[in-house]
Amino acid sequence: PILIEWGPVIIPSFGFFLAVGFLVGSFVLWRRLKDDYEEEDLLTLSLVVGLWGLIGARIVAVAFDWGRFGTDWLKWLSLVRSPGLSFFGAVAGVLLGTLVFVMRHKWRFWEVWEGVVEGGLWVIAFGSIGAFLSSSLAGAQTNIAWGIETLGMSGRRHPLALYWLTTSLIVLLITALVRRIYRKFRWYPSGRVGFVGLFACWLFSLALF
């Protein structure tokens, strides 16, 4: 769970890989949209979306685990001493942050959303590696061959973090293939954007379901 601990400096595995995922996701977002928007604005977009996603993830986590957090706002702010993030809260925060930014700058939402979704999938992939190392996504007990032993829990467990990692990478691969051919679909209106982003969201949601 802890990659580096040097005096008061603590770098958890989940936080480290989440940060790496954010950097990779920001690069993917920049690469996808750099031909249509200013690079400085894209950097700001990445920071805004990342911050909104983190805030949303934390708020929902605190709300659904109020017994552990209570009114102690120091626990709310300390992700190291009192860990806890909600994936669905992060999605809500990212969506809201993207909407606010796009409306303020008068950008095309669906075009931007495709870049945000692709970058977000890379954040999920790297975050899943950190979650696996920190044992923060252990599943139900199982007897399957790939079940793993998790610190603090009895029996072998489903490696949910590896499932998330595999799912995000598969969705990224399929989405890349769809991006190459969707313009050839006869039923899809020419010149419209947004299909790839919506498809990636639908496919990942289907996998989660």
# chains A, B, ... in the order shown; residues from 1 in each chain; ligands from 1
>>> residues_around(residues="Arg156 of chain A", least_positions_apart="4", cutoff="10 Å", atoms="only C-alpha atoms", output="CSV table (one decimal) with C-alpha atoms, in the first residue's frame")
chain,number,residue,atom,x,y,z
A,138,ALA,CA,-11.0,-6.9,-3.1
A,139,GLY,CA,-14.0,-8.8,-4.3
A,140,ALA,CA,-16.1,-11.6,-2.8
A,141,GLN,CA,-14.5,-14.9,-1.7
A,142,THR,CA,-13.9,-17.4,-4.5
A,143,ASN,CA,-12.3,-20.7,-5.3
A,144,ILE,CA,-11.3,-19.8,-8.8
A,145,ALA,CA,-7.7,-20.3,-9.9
A,146,TRP,CA,-7.0,-16.6,-10.1
A,147,GLY,CA,-8.4,-15.7,-6.7
A,148,ILE,CA,-5.9,-13.8,-4.5
A,149,GLU,CA,-5.2,-13.5,-0.8
A,150,THR,CA,-5.8,-10.0,0.5
>>> residues_around(residues="segment 83-99 of chain A", least_positions_apart="2", cutoff="7 Å", atoms="only C-alpha atoms", output="PDB file with C-alpha atoms, in the first residue's frame")
ATOM      1  CA  VAL A  48     -10.299  21.422 -13.883  1.00  0.00           C
ATOM      2  CA  VAL A  49     -11.738  18.039 -14.839  1.00  0.00           C
ATOM      3  CA  GLY A  50      -9.278  16.202 -12.597  1.00  0.00           C
ATOM      4  CA  TRP A  52     -13.842  18.138 -10.127  1.00  0.00           C
ATOM      5  CA  GLY A  53     -13.508  14.374 -10.447  1.00  0.00           C
ATOM      6  CA  LEU A  54     -11.480  14.145  -7.229  1.00  0.00           C
ATOM      7  CA  ILE A  55     -13.935  16.355  -5.335  1.00  0.00           C
ATOM      8  CA  GLY A  56     -16.931  14.389  -6.604  1.00  0.00           C
ATOM      9  CA  ALA A  57     -15.283  11.078  -5.735  1.00  0.00           C
ATOM     10  CA  ARG A  58     -14.501  12.249  -2.212  1.00  0.00           C
ATOM     11  CA  VAL A  60     -19.800  10.697  -2.501  1.00  0.00           C
ATOM     12  CA  ALA A  61     -17.387   8.458  -0.574  1.00  0.00           C
ATOM     13  CA  LEU A  79      -6.813  10.838   1.543  1.00  0.00           C
ATOM     14  CA  VAL A  80      -3.792   9.138   3.118  1.00  0.00           C
ATOM     15  CA  ARG A  81      -4.988   8.742   6.718  1.00  0.00           C
ATOM     16  CA  PHE A 101     -15.718  24.401 -18.660  1.00  0.00           C
ATOM     17  CA  VAL A 102     -17.228  23.841 -22.109  1.00  0.00           C
ATOM     18  CA  MET A 103     -20.117  26.215 -21.494  1.00  0.00           C
TER      19      MET A 103
END
>>> residues_around(residues="segment 105-108 of chain A", least_positions_apart="4", cutoff="12 Å", atoms="only C-alpha atoms", output="number ranges by chain")
A: 33, 36-38, 41-42, 44-45, 98-101, 112-115, 192-194
>>> write_last_selection(atoms="N, CA and C atoms", output="PDB file, in the first residue's frame")
ATOM      1  N   LEU A  33      -7.259  16.661 -28.882  1.00  0.00           N
ATOM      2  CA  LEU A  33      -7.934  17.941 -29.133  1.00  0.00           C
ATOM      3  C   LEU A  33      -6.988  19.068 -29.523  1.00  0.00           C
ATOM      4  N   ASP A  36      -7.672  21.535 -32.493  1.00  0.00           N
ATOM      5  CA  ASP A  36      -8.860  22.394 -32.493  1.00  0.00           C
ATOM      6  C   ASP A  36      -8.866  23.439 -31.384  1.00  0.00           C
ATOM      7  N   TYR A  37      -8.015  23.244 -30.354  1.00  0.00           N
ATOM      8  CA  TYR A  37      -8.047  24.159 -29.209  1.00  0.00           C
ATOM      9  C   TYR A  37      -6.632  24.513 -28.783  1.00  0.00           C
ATOM     10  N   GLU A  38      -6.504  25.620 -28.058  1.00  0.00           N
ATOM     11  CA  GLU A  38      -5.207  26.070 -27.574  1.00  0.00           C
ATOM     12  C   GLU A  38      -4.666  25.100 -26.521  1.00  0.00           C
ATOM     13  N   ASP A  41      -5.282  26.055 -22.871  1.00  0.00           N
ATOM     14  CA  ASP A  41      -6.660  25.799 -22.462  1.00  0.00           C
ATOM     15  C   ASP A  41      -6.890  24.319 -22.200  1.00  0.00           C
ATOM     16  N   LEU A  42      -6.238  23.474 -22.980  1.00  0.00           N
ATOM     17  CA  LEU A  42      -6.385  22.033 -22.766  1.00  0.00           C
ATOM     18  C   LEU A  42      -5.746  21.604 -21.453  1.00  0.00           C
ATOM     19  N   THR A  44      -5.523  23.549 -18.829  1.00  0.00           N
ATOM     20  CA  THR A  44      -6.480  24.011 -17.817  1.00  0.00           C
ATOM     21  C   THR A  44      -7.672  23.067 -17.725  1.00  0.00           C
ATOM     22  N   LEU A  45      -8.148  22.610 -18.872  1.00  0.00           N
ATOM     23  CA  LEU A  45      -9.265  21.656 -18.881  1.00  0.00           C
ATOM     24  C   LEU A  45      -8.910  20.394 -18.101  1.00  0.00           C
ATOM     25  N   THR A  98     -16.616  19.103 -16.889  1.00  0.00           N
ATOM     26  CA  THR A  98     -16.523  19.268 -18.341  1.00  0.00           C
ATOM     27  C   THR A  98     -17.620  20.188 -18.857  1.00  0.00           C
ATOM     28  N   LEU A  99     -18.833  20.000 -18.369  1.00  0.00           N
ATOM     29  CA  LEU A  99     -19.948  20.845 -18.791  1.00  0.00           C
ATOM     30  C   LEU A  99     -19.699  22.316 -18.460  1.00  0.00           C
ATOM     31  N   VAL A 100     -19.265  22.575 -17.235  1.00  0.00           N
ATOM     32  CA  VAL A 100     -19.022  23.959 -16.815  1.00  0.00           C
ATOM     33  C   VAL A 100     -17.928  24.596 -17.667  1.00  0.00           C
ATOM     34  N   PHE A 101     -16.841  23.857 -17.887  1.00  0.00           N
ATOM     35  CA  PHE A 101     -15.718  24.401 -18.660  1.00  0.00           C
ATOM     36  C   PHE A 101     -16.124  24.661 -20.105  1.00  0.00           C
ATOM     37  N   VAL A 112     -15.212  17.534 -27.107  1.00  0.00           N
ATOM     38  CA  VAL A 112     -14.367  17.538 -25.914  1.00  0.00           C
ATOM     39  C   VAL A 112     -14.597  16.281 -25.088  1.00  0.00           C
ATOM     40  N   TRP A 113     -15.852  15.845 -25.002  1.00  0.00           N
ATOM     41  CA  TRP A 113     -16.182  14.683 -24.178  1.00  0.00           C
ATOM     42  C   TRP A 113     -15.471  13.425 -24.659  1.00  0.00           C
ATOM     43  N   GLU A 114     -15.294  13.295 -25.963  1.00  0.00           N
ATOM     44  CA  GLU A 114     -14.577  12.129 -26.482  1.00  0.00           C
ATOM     45  C   GLU A 114     -13.144  12.097 -25.954  1.00  0.00           C
ATOM     46  N   GLY A 115     -12.477  13.243 -25.936  1.00  0.00           N
ATOM     47  CA  GLY A 115     -11.126  13.294 -25.389  1.00  0.00           C
ATOM     48  C   GLY A 115     -11.096  13.030 -23.899  1.00  0.00           C
ATOM     49  N   ARG A 192     -21.103  14.681 -37.756  1.00  0.00           N
ATOM     50  CA  ARG A 192     -21.456  14.692 -36.340  1.00  0.00           C
ATOM     51  C   ARG A 192     -20.332  14.080 -35.512  1.00  0.00           C
ATOM     52  N   VAL A 193     -20.138  14.623 -34.322  1.00  0.00           N
ATOM     53  CA  VAL A 193     -19.154  14.066 -33.391  1.00  0.00           C
ATOM     54  C   VAL A 193     -19.880  13.630 -32.121  1.00  0.00           C
ATOM     55  N   GLY A 194     -19.215  12.791 -31.357  1.00  0.00           N
ATOM     56  CA  GLY A 194     -19.786  12.340 -30.098  1.00  0.00           C
ATOM     57  C   GLY A 194     -20.056  10.862 -30.030  1.00  0.00           C
TER      58      GLY A 194
END
>>> residues_around(residues="Leu172 of chain A", least_positions_apart="4", cutoff="10 Å", atoms="only C-alpha atoms", output="list of chain:residue names")
A:Val117, A:Glu118, A:Gly119, A:Leu121, A:Trp122, A:Ala125, A:Thr166, A:Thr167, A:Ser168, A:Ala176, A:Leu177, A:Val178, A:Ala200, A:Leu203, A:Phe204
>>> select_by_dssp(residues="segment 18-208 of chain A", states="helix (DSSP H, G or I)", output="MDAnalysis selection string")
chainID A and resid 18:33 39:64 66:69 73:77 87:105 109:134 160:184 195:208
